[in-house]
>>> print(open('upload03.cif').read())   # mmCIF, C-alpha atoms
data_my_file
loop_
_atom_site.label_atom_id
_atom_site.label_comp_id
_atom_site.auth_asym_id
_atom_site.auth_seq_id
_atom_site.Cartn_x
_atom_site.Cartn_y
_atom_site.Cartn_z
CA MET A 1 7.00 -0.38 18.41
CA LYS A 2 4.57 -1.95 15.96
CA ILE A 3 3.37 -0.14 12.85
CA GLU A 4 0.35 -1.51 11.01
CA VAL A 5 -0.02 -0.23 7.46
CA TRP A 6 -3.25 -0.50 5.50
CA SER A 7 -2.44 -0.25 1.80
CA ASP A 8 -3.23 -1.54 -1.66
CA PHE A 9 -0.71 -2.66 -4.28
CA VAL A 10 -2.27 -0.36 -6.90
CA CYS A 11 -2.35 2.72 -4.69
CA PRO A 12 0.33 5.18 -5.91
CA PHE A 13 0.54 7.03 -2.61
CA CYS A 14 0.87 3.76 -0.68
CA TYR A 15 4.20 3.10 -2.40
CA ILE A 16 5.31 6.70 -1.91
CA GLY A 17 4.25 6.61 1.75
CA LYS A 18 6.04 3.31 2.25
CA ARG A 19 9.28 4.74 0.93
CA ARG A 20 8.96 7.93 3.00
CA LEU A 21 8.38 5.89 6.16
CA GLU A 22 11.41 3.76 5.38
CA LYS A 23 13.56 6.84 4.92
CA ALA A 24 12.33 8.18 8.26
CA LEU A 25 13.15 4.86 9.93
CA ASP A 26 16.67 5.04 8.53
CA LYS A 27 17.16 8.13 10.69
CA PHE A 28 15.27 6.82 13.74
CA GLU A 29 17.65 5.62 16.45
CA GLN A 30 15.27 2.91 17.69
CA SER A 31 14.45 1.54 14.24
CA ASP A 32 15.75 -1.91 15.22
CA LYS A 33 12.88 -2.09 17.69
CA VAL A 34 10.22 -1.31 15.09
CA THR A 35 8.20 -3.97 13.27
CA ILE A 36 5.91 -3.26 10.32
CA GLU A 37 2.83 -5.32 9.53
CA TYR A 38 1.00 -4.75 6.25
CA LYS A 39 -2.78 -4.93 6.18
CA SER A 40 -4.93 -5.56 3.12
CA TYR A 41 -7.13 -2.90 1.56
CA GLN A 42 -8.81 -2.66 -1.83
CA LEU A 43 -9.39 0.67 -3.51
CA ASP A 44 -11.58 -0.94 -6.16
CA PRO A 45 -12.92 -4.40 -5.21
CA SER A 46 -14.63 -4.66 -8.61
CA ALA A 47 -11.53 -3.73 -10.63
CA GLU A 48 -11.17 -5.61 -13.89
CA HIS A 49 -8.42 -5.50 -16.48
CA ILE A 50 -9.61 -5.09 -20.06
CA PRO A 51 -6.88 -6.10 -22.54
CA GLY A 52 -5.98 -3.34 -24.96
CA LYS A 53 -7.52 -0.63 -22.80
CA SER A 54 -5.03 1.85 -21.34
CA PHE A 55 -4.85 2.74 -17.68
CA TYR A 56 -5.67 6.35 -18.58
CA ASP A 57 -8.84 5.36 -20.45
CA THR A 58 -9.97 3.04 -17.68
CA PHE A 59 -9.34 5.61 -14.97
CA SER A 60 -11.01 8.35 -17.01
CA GLU A 61 -14.19 6.31 -17.42
CA LEU A 62 -14.29 5.15 -13.81
CA LYS A 63 -13.86 8.62 -12.35
CA GLY A 64 -15.76 10.54 -15.00
CA MET A 65 -12.75 12.76 -15.65
CA PRO A 66 -11.44 14.10 -18.99
CA LEU A 67 -8.48 12.12 -20.31
CA ASP A 68 -6.12 15.10 -20.24
CA GLN A 69 -6.98 15.75 -16.60
CA VAL A 70 -6.22 12.14 -15.71
CA GLN A 71 -2.89 12.29 -17.54
CA ASN A 72 -1.94 15.56 -15.84
CA MET A 73 -2.89 14.21 -12.40
CA ASN A 74 -0.82 11.08 -12.88
CA ARG A 75 2.08 13.17 -14.17
CA GLN A 76 2.08 15.00 -10.83
CA VAL A 77 1.97 11.71 -8.94
CA LYS A 78 4.88 10.42 -11.03
CA GLU A 79 6.90 13.50 -10.01
CA GLN A 80 6.20 12.85 -6.32
CA ALA A 81 7.25 9.23 -6.75
CA SER A 82 10.47 10.31 -8.46
CA GLU A 83 11.36 12.44 -5.44
CA VAL A 84 11.69 9.28 -3.32
CA GLY A 85 13.46 7.26 -6.00
CA LEU A 86 10.46 5.51 -7.55
CA ASP A 87 9.78 5.26 -11.27
CA TYR A 88 6.07 5.10 -12.12
CA ASN A 89 5.15 3.92 -15.60
CA PHE A 90 1.54 5.04 -16.03
CA ASP A 91 1.73 4.74 -19.83
CA ASP A 92 1.92 0.93 -19.68
CA MET A 93 0.24 0.34 -16.31
CA LYS A 94 -2.39 -2.43 -16.24
CA TYR A 95 -5.47 -1.79 -14.13
CA SER A 96 -5.65 -4.78 -11.78
CA ASN A 97 -7.84 -6.37 -9.16
CA THR A 98 -5.62 -7.00 -6.13
CA PHE A 99 -7.62 -9.44 -3.99
CA ASP A 100 -5.60 -12.50 -5.01
CA ALA A 101 -2.36 -10.55 -4.64
CA HIS A 102 -3.34 -9.77 -1.05
CA ARG A 103 -4.03 -13.46 -0.42
CA VAL A 104 -0.58 -14.38 -1.74
CA ALA A 105 0.89 -11.67 0.48
CA LYS A 106 -0.70 -13.37 3.49
CA LEU A 107 1.06 -16.58 2.55
CA ALA A 108 4.32 -14.66 2.29
CA ALA A 109 3.73 -13.07 5.70
CA LYS A 110 3.21 -16.50 7.22
CA GLN A 111 6.66 -17.45 5.94
CA GLY A 112 8.34 -14.24 7.11
CA LYS A 113 8.52 -12.68 3.65
CA GLU A 114 5.86 -9.99 3.93
CA LYS A 115 8.32 -7.13 3.46
CA GLN A 116 9.79 -8.69 0.33
CA ILE A 117 6.48 -9.55 -1.35
CA THR A 118 5.01 -6.12 -0.61
CA GLU A 119 7.93 -4.35 -2.25
CA ARG A 120 7.96 -6.76 -5.18
CA PHE A 121 4.25 -6.41 -5.92
CA LEU A 122 4.40 -2.61 -5.75
CA TYR A 123 7.42 -2.44 -8.02
CA ALA A 124 5.87 -4.94 -10.41
CA TYR A 125 2.74 -2.86 -10.79
CA PHE A 126 4.09 0.68 -10.87
CA THR A 127 7.42 0.17 -12.64
CA ASP A 128 7.30 -3.14 -14.51
CA SER A 129 3.66 -2.73 -15.60
CA GLU A 130 2.73 -6.26 -14.51
CA LEU A 131 -0.89 -7.40 -14.28
CA LEU A 132 -1.38 -8.18 -10.60
CA SER A 133 -4.62 -10.06 -11.16
CA ASP A 134 -2.90 -12.63 -13.40
CA HIS A 135 -2.22 -15.84 -11.49
CA GLN A 136 0.93 -16.82 -13.38
CA THR A 137 2.34 -13.35 -12.78
CA LEU A 138 1.66 -13.66 -9.06
CA ILE A 139 3.30 -17.09 -8.96
CA SER A 140 6.41 -15.83 -10.76
CA LEU A 141 6.74 -12.78 -8.53
CA ALA A 142 6.24 -14.86 -5.41
CA GLU A 143 8.92 -17.29 -6.54
CA GLU A 144 11.34 -14.36 -6.84
CA VAL A 145 11.04 -13.69 -3.10
CA GLY A 146 11.42 -17.34 -2.15
CA LEU A 147 7.91 -18.77 -2.08
CA LYS A 148 7.22 -22.19 -3.57
CA SER A 149 5.14 -22.07 -6.74
CA SER A 150 3.12 -25.09 -5.58
CA GLU A 151 2.08 -23.31 -2.40
CA VAL A 152 1.19 -20.11 -4.21
CA ARG A 153 -0.81 -22.04 -6.79
CA GLU A 154 -2.71 -23.80 -4.01
CA VAL A 155 -3.68 -20.43 -2.52
CA LEU A 156 -4.83 -19.11 -5.88
CA ASN A 157 -6.85 -22.24 -6.69
CA THR A 158 -8.66 -22.24 -3.36
CA GLU A 159 -10.11 -19.74 -0.88
CA LYS A 160 -7.06 -19.80 1.40
CA PHE A 161 -6.40 -16.52 3.22
CA THR A 162 -9.65 -15.01 1.93
CA ASN A 163 -10.88 -14.57 5.50
CA ARG A 164 -7.61 -12.97 6.54
CA VAL A 165 -7.84 -10.39 3.76
CA ASN A 166 -11.49 -9.65 4.53
CA GLU A 167 -10.67 -9.30 8.23
CA ASP A 168 -8.13 -6.57 7.42
CA ILE A 169 -10.65 -4.75 5.25
CA ASP A 170 -13.35 -5.05 7.92
CA THR A 171 -10.99 -3.77 10.60
CA ALA A 172 -10.14 -0.78 8.43
CA ARG A 173 -13.83 0.01 8.17
CA GLN A 174 -14.33 -0.38 11.93
CA ILE A 175 -11.52 2.02 12.87
CA GLY A 176 -12.62 4.59 10.32
CA VAL A 177 -10.08 4.23 7.54
CA LYS A 178 -11.30 6.41 4.67
CA GLY A 179 -8.24 6.13 2.43
CA VAL A 180 -4.82 4.58 2.20
CA PRO A 181 -2.03 4.50 3.12
CA PHE A 182 -3.14 4.46 6.75
CA PHE A 183 -0.62 3.91 9.53
CA VAL A 184 -1.39 2.78 13.08
CA PHE A 185 1.41 2.96 15.66
CA ASN A 186 1.18 0.65 18.67
CA GLU A 187 -2.54 0.19 18.04
CA LYS A 188 -3.40 3.66 19.33
CA TYR A 189 -1.79 6.39 17.24
CA ALA A 190 -3.02 6.85 13.67
CA VAL A 191 -1.59 8.77 10.74
CA SER A 192 -3.30 9.02 7.36
CA GLY A 193 -1.69 9.67 3.99
CA ALA A 194 1.76 9.65 2.43
CA GLN A 195 3.20 12.13 4.89
CA PRO A 196 6.62 13.73 4.31
CA GLU A 197 9.64 11.92 5.70
CA GLU A 198 10.11 14.59 8.36
CA VAL A 199 6.57 14.12 9.63
CA PHE A 200 7.01 10.36 9.91
CA HIS A 201 10.18 10.91 11.91
CA GLU A 202 8.36 13.28 14.24
CA VAL A 203 5.57 10.76 14.71
CA LEU A 204 8.02 7.93 15.40
CA THR A 205 9.72 10.04 18.06
CA LYS A 206 6.42 11.14 19.59
CA VAL A 207 5.01 7.63 19.75
CA TRP A 208 8.22 6.27 21.22
CA GLN A 209 8.09 8.86 23.99
CA GLU A 210 4.38 8.51 24.71
CA GLU A 211 3.78 4.84 23.92
CA LYS A 212 2.52 4.06 27.41
CA GLU A 213 0.09 6.97 27.55
CA ASN A 214 -3.52 7.13 26.41
CA PRO A 215 -4.63 3.68 25.23
CA LYS A 216 -7.23 5.10 22.84
CA LEU A 217 -6.56 5.35 19.12
CA LYS A 218 -6.15 8.99 18.19
CA MET A 219 -5.17 10.93 15.11
CA ILE A 220 -1.90 12.81 15.35
CA ASP A 221 -2.06 16.39 14.15
CA THR A 222 0.74 16.52 11.59
CA GLY A 223 0.03 20.10 10.62
CA ASN A 224 0.19 19.01 6.97
CA THR A 225 -3.08 19.93 5.26
CA GLU A 226 -1.76 19.00 1.81
CA THR A 227 -1.24 15.30 2.50
CA SER A 228 -1.83 12.85 -0.35
CA TYR A 229 -3.74 9.59 -0.16
CA CYS A 230 -6.11 7.39 -2.12
CA THR A 231 -9.77 6.81 -1.22
CA ASP A 232 -12.22 4.36 -2.75
CA GLU A 233 -13.34 7.22 -4.99
CA ASP A 234 -10.15 8.97 -6.02
CA CYS A 235 -6.45 9.66 -5.51
CA GLY A 236 -5.67 13.20 -4.46
CA CYS A 237 -2.35 14.98 -4.70
#
>>> encode(input="upload03.cif", output="structure tokens")
Amino acid sequence: MKIEVWSDFVCPFCYIGKRRLEKALDKFEQSDKVTIEYKSYQLDPSAEHIPGKSFYDTFSELKGMPLDQVQNMNRQVKEQASEVGLDYNFDDMKYSNTFDAHRVAKLAAKQGKEKQITERFLYAYFTDSELLSDHQTLISLAEEVGLKSSEVREVLNTEKFTNRVNEDIDTARQIGVKGVPFFVFNEKYAVSGAQPEEVFHEVLTKVWQEEKENPKLKMIDTGNTETSYCTDEDCGC
């Protein structure tokens, strides 16, 4: 079984959804036959970090929301993250453009280190409060998972993997992705949002049993109307 996951490194529910899927796979008997491929997506292609400006202030201005509402919303997200063992540090978080990070991730994928770089970038942003648009930060993080700094620097100083990232984003648009995380199982079953672990397990079982039926991509009715995901406009919870 192949699972394609459209996500962004600055999407809080992408990290939560990733962890919930992993927990579901831990209980899935055929997990050794499952491969996961991460696809690029940008929640805010025009994102720019302004030194000295807090994440709360930036988010408040971008979304036109009162500061206390933004803080309360992120507090709720932090609680959801904590439930799956993640520690979100919104107080020190640095609003980042992720396009270059996605390009570095494509280099990592080419070298069989996609899983490692994805986890490292997410942890770096949400827990370590790293600036993911900073080239030296990306080089250092990539080195931690075994990439050569010279190769990462070459990617960052050129347009390498730009087309690959744009292809992922274009594909997302073509198949109707409205928010992330977005999961596609065997190129025909789609699930949107950071679904509960139990739902992911149900989907894994269902897809495994029906993988040779109905070649068309279809949404699976999870029965969960309170799912959480991020769109280009907002993150709901």
>>> closest_residue(input="upload03.cif", among="A:Asp128, A:Leu21, A:Pro66, A:Leu43", to="Cys230 in chain A", atoms="all atoms listed in the file")
A:Leu43
>>> resolve_selection(input="upload03.cif", expression="the PyMOL selection byres ((chain A and resi 44-56) around 6)", output="CSV table (one decimal) with C-alpha atoms, in the frame of the given file")
chain,number,residue,atom,x,y,z
A,42,GLN,CA,-8.8,-2.7,-1.8
A,43,LEU,CA,-9.4,0.7,-3.5
A,57,ASP,CA,-8.8,5.4,-20.4
A,58,THR,CA,-10.0,3.0,-17.7
A,59,PHE,CA,-9.3,5.6,-15.0
A,60,SER,CA,-11.0,8.4,-17.0
A,93,MET,CA,0.2,0.3,-16.3
A,94,LYS,CA,-2.4,-2.4,-16.2
A,95,TYR,CA,-5.5,-1.8,-14.1
A,96,SER,CA,-5.6,-4.8,-11.8
A,97,ASN,CA,-7.8,-6.4,-9.2
>>> axis_aligned_box(input="upload03.cif", around="range 14-33 of chain A", padding_each_side="4 Å", output="JSON")
{"center_x": 9.3, "center_y": 3.0, "center_z": 7.6, "size_x": 24.8, "size_y": 18.3, "size_z": 28.1}
>>> residues_around(input="upload03.cif", residues="range 104-121 of chain A", least_positions_apart="4", cutoff="9 Å", atoms="all atoms listed in the file", output="PDB file with C-alpha atoms, in the coordinates of the input")
ATOM      1  CA  PHE A   9      -0.710  -2.660  -4.280  1.00  0.00           C
ATOM      2  CA  VAL A  10      -2.270  -0.360  -6.900  1.00  0.00           C
ATOM      3  CA  TYR A  15       4.200   3.100  -2.400  1.00  0.00           C
ATOM      4  CA  ILE A  36       5.910  -3.260  10.320  1.00  0.00           C
ATOM      5  CA  GLU A  37       2.830  -5.320   9.530  1.00  0.00           C
ATOM      6  CA  TYR A  38       1.000  -4.750   6.250  1.00  0.00           C
ATOM      7  CA  SER A  40      -4.930  -5.560   3.120  1.00  0.00           C
ATOM      8  CA  PHE A  99      -7.620  -9.440  -3.990  1.00  0.00           C
ATOM      9  CA  ASP A 100      -5.600 -12.500  -5.010  1.00  0.00           C
ATOM     10  CA  TYR A 125       2.740  -2.860 -10.790  1.00  0.00           C
ATOM     11  CA  PHE A 126       4.090   0.680 -10.870  1.00  0.00           C
ATOM     12  CA  GLU A 130       2.730  -6.260 -14.510  1.00  0.00           C
ATOM     13  CA  LEU A 132      -1.380  -8.180 -10.600  1.00  0.00           C
ATOM     14  CA  LEU A 138       1.660 -13.660  -9.060  1.00  0.00           C
ATOM     15  CA  ILE A 139       3.300 -17.090  -8.960  1.00  0.00           C
ATOM     16  CA  LEU A 141       6.740 -12.780  -8.530  1.00  0.00           C
ATOM     17  CA  ALA A 142       6.240 -14.860  -5.410  1.00  0.00           C
ATOM     18  CA  GLU A 144      11.340 -14.360  -6.840  1.00  0.00           C
ATOM     19  CA  VAL A 145      11.040 -13.690  -3.100  1.00  0.00           C
ATOM     20  CA  GLY A 146      11.420 -17.340  -2.150  1.00  0.00           C
ATOM     21  CA  LEU A 147       7.910 -18.770  -2.080  1.00  0.00           C
ATOM     22  CA  GLU A 151       2.080 -23.310  -2.400  1.00  0.00           C
ATOM     23  CA  VAL A 152       1.190 -20.110  -4.210  1.00  0.00           C
ATOM     24  CA  VAL A 155      -3.680 -20.430  -2.520  1.00  0.00           C
ATOM     25  CA  LEU A 156      -4.830 -19.110  -5.880  1.00  0.00           C
ATOM     26  CA  LYS A 160      -7.060 -19.800   1.400  1.00  0.00           C
ATOM     27  CA  PHE A 161      -6.400 -16.520   3.220  1.00  0.00           C
ATOM     28  CA  ARG A 164      -7.610 -12.970   6.540  1.00  0.00           C
ATOM     29  CA  VAL A 165      -7.840 -10.390   3.760  1.00  0.00           C
TER      30      VAL A 165
END
>>> resolve_selection(input="upload03.cif", expression="the PyMOL selection byres ((chain A and resi 39) around 9)", output="ChimeraX atom specification")
/A:4-8,37-38,40-41,102,165,168-169,172
>>> residues_near_point(input="upload03.cif", point="(7.8, 5.3, -16.6)", cutoff="12 Å", atoms="only C-alpha atoms", output="PyMOL selection string")
chain A and resi 74-75+77-79+81-82+86-93+123+125-129
>>> resolve_selection(input="upload03.cif", expression="the PyMOL selection byres ((chain A and resi 26-30) around 12)", output="PyMOL selection string")
chain A and resi 1-2+19-25+31-35+197-198+200-209
>>> residues_around(input="upload03.cif", residues="Ile175 in chain A", least_positions_apart="2", cutoff="12 Å", atoms="all atoms listed in the file", output="number ranges by chain")
A: 6, 168-173, 177-179, 182-184, 187-190, 216-219
>>> closest_residue(input="upload03.cif", among="A:Ser228, A:Arg103, A:Leu122, A:Asn72", to="Thr158 in chain A", atoms="only C-alpha atoms")
A:Arg103
>>> residues_around(input="upload03.cif", residues="Tyr229 in chain A", least_positions_apart="6", cutoff="7 Å", atoms="all atoms listed in the file", output="list of chain:residue names")
A:Phe13, A:Gly179, A:Val180, A:Pro181, A:Gly193, A:Ala194, A:Cys235, A:Gly236
>>> closest_residue(input="upload03.cif", among="A:Glu167, A:Glu143, A:Thr137, A:Cys14", to="Ser192 in chain A", atoms="all atoms listed in the file")
A:Cys14
>>> atom_distance(input="upload03.cif", atom1="CA of Glu154 in chain A", atom2="CA of Leu131 in chain A")
19.4 Å
>>> atom_distance(input="upload03.cif", atom1="CA of Ser140 in chain A", atom2="CA of Arg153 in chain A")
10.3 Å
>>> closest_residue(input="upload03.cif", among="A:Ser133, A:Asp68, A:Val84, A:Glu211", to="Lys18 in chain A", atoms="only C-alpha atoms")
A:Val84
>>> decode(input="upload03.cif", residues="range 165-182 of chain A", atoms="N, CA, C and O atoms", output="mmCIF file, in the first residue's frame")
data_model
loop_
_atom_site.group_PDB
_atom_site.id
_atom_site.type_symbol
_atom_site.label_atom_id
_atom_site.label_comp_id
_atom_site.auth_asym_id
_atom_site.auth_seq_id
_atom_site.Cartn_x
_atom_site.Cartn_y
_atom_site.Cartn_z
ATOM 1 N N VAL A 165 8.710 20.451 -6.623
ATOM 2 C CA VAL A 165 7.836 21.025 -5.605
ATOM 3 C C VAL A 165 6.576 21.588 -6.254
ATOM 4 O O VAL A 165 5.457 21.356 -5.783
ATOM 5 N N ASN A 166 6.752 22.318 -7.349
ATOM 6 C CA ASN A 166 5.599 22.898 -8.041
ATOM 7 C C ASN A 166 4.677 21.826 -8.611
ATOM 8 O O ASN A 166 3.449 22.011 -8.649
ATOM 9 N N GLU A 167 5.253 20.716 -9.045
ATOM 10 C CA GLU A 167 4.435 19.611 -9.554
ATOM 11 C C GLU A 167 3.524 19.063 -8.457
ATOM 12 O O GLU A 167 2.348 18.764 -8.699
ATOM 13 N N ASP A 168 4.062 18.918 -7.252
ATOM 14 C CA ASP A 168 3.246 18.439 -6.125
ATOM 15 C C ASP A 168 2.102 19.403 -5.845
ATOM 16 O O ASP A 168 0.953 18.985 -5.614
ATOM 17 N N ILE A 169 2.410 20.686 -5.850
ATOM 18 C CA ILE A 169 1.399 21.705 -5.566
ATOM 19 C C ILE A 169 0.338 21.721 -6.664
ATOM 20 O O ILE A 169 -0.865 21.837 -6.382
ATOM 21 N N ASP A 170 0.768 21.583 -7.916
ATOM 22 C CA ASP A 170 -0.174 21.550 -9.036
ATOM 23 C C ASP A 170 -1.063 20.319 -8.968
ATOM 24 O O ASP A 170 -2.272 20.391 -9.227
ATOM 25 N N THR A 171 -0.469 19.189 -8.619
ATOM 26 C CA THR A 171 -1.255 17.949 -8.501
ATOM 27 C C THR A 171 -2.309 18.082 -7.413
ATOM 28 O O THR A 171 -3.455 17.637 -7.576
ATOM 29 N N ALA A 172 -1.928 18.700 -6.310
ATOM 30 C CA ALA A 172 -2.881 18.922 -5.217
ATOM 31 C C ALA A 172 -4.073 19.729 -5.714
ATOM 32 O O ALA A 172 -5.238 19.421 -5.405
ATOM 33 N N ARG A 173 -3.793 20.746 -6.498
ATOM 34 C CA ARG A 173 -4.854 21.584 -7.039
ATOM 35 C C ARG A 173 -5.752 20.769 -7.986
ATOM 36 O O ARG A 173 -6.979 20.894 -7.948
ATOM 37 N N GLN A 174 -5.134 19.927 -8.800
ATOM 38 C CA GLN A 174 -5.876 19.147 -9.788
ATOM 39 C C GLN A 174 -6.808 18.124 -9.141
ATOM 40 O O GLN A 174 -7.902 17.858 -9.646
ATOM 41 N N ILE A 175 -6.384 17.527 -8.028
ATOM 42 C CA ILE A 175 -7.225 16.512 -7.387
ATOM 43 C C ILE A 175 -8.147 17.101 -6.320
ATOM 44 O O ILE A 175 -8.851 16.371 -5.632
ATOM 45 N N GLY A 176 -8.127 18.434 -6.207
ATOM 46 C CA GLY A 176 -9.090 19.086 -5.329
ATOM 47 C C GLY A 176 -8.709 19.223 -3.884
ATOM 48 O O GLY A 176 -9.577 19.315 -3.012
ATOM 49 N N VAL A 177 -7.399 19.249 -3.600
ATOM 50 C CA VAL A 177 -6.965 19.433 -2.219
ATOM 51 C C VAL A 177 -7.266 20.863 -1.789
ATOM 52 O O VAL A 177 -6.792 21.816 -2.397
ATOM 53 N N LYS A 178 -8.048 21.014 -0.734
ATOM 54 C CA LYS A 178 -8.423 22.331 -0.232
ATOM 55 C C LYS A 178 -7.660 22.692 1.051
ATOM 56 O O LYS A 178 -7.635 23.852 1.460
ATOM 57 N N GLY A 179 -7.090 21.707 1.699
ATOM 58 C CA GLY A 179 -6.346 21.931 2.923
ATOM 59 C C GLY A 179 -5.494 20.732 3.237
ATOM 60 O O GLY A 179 -5.653 19.654 2.655
ATOM 61 N N VAL A 180 -4.552 20.918 4.132
ATOM 62 C CA VAL A 180 -3.648 19.834 4.507
ATOM 63 C C VAL A 180 -3.668 19.636 6.023
ATOM 64 O O VAL A 180 -4.009 20.572 6.766
ATOM 65 N N PRO A 181 -3.363 18.404 6.472
ATOM 66 C CA PRO A 181 -2.842 17.281 5.701
ATOM 67 C C PRO A 181 -3.913 16.625 4.837
ATOM 68 O O PRO A 181 -5.087 16.650 5.161
ATOM 69 N N PHE A 182 -3.458 16.043 3.735
ATOM 70 C CA PHE A 182 -4.348 15.345 2.805
ATOM 71 C C PHE A 182 -3.678 14.033 2.444
ATOM 72 O O PHE A 182 -2.536 14.018 1.989
#
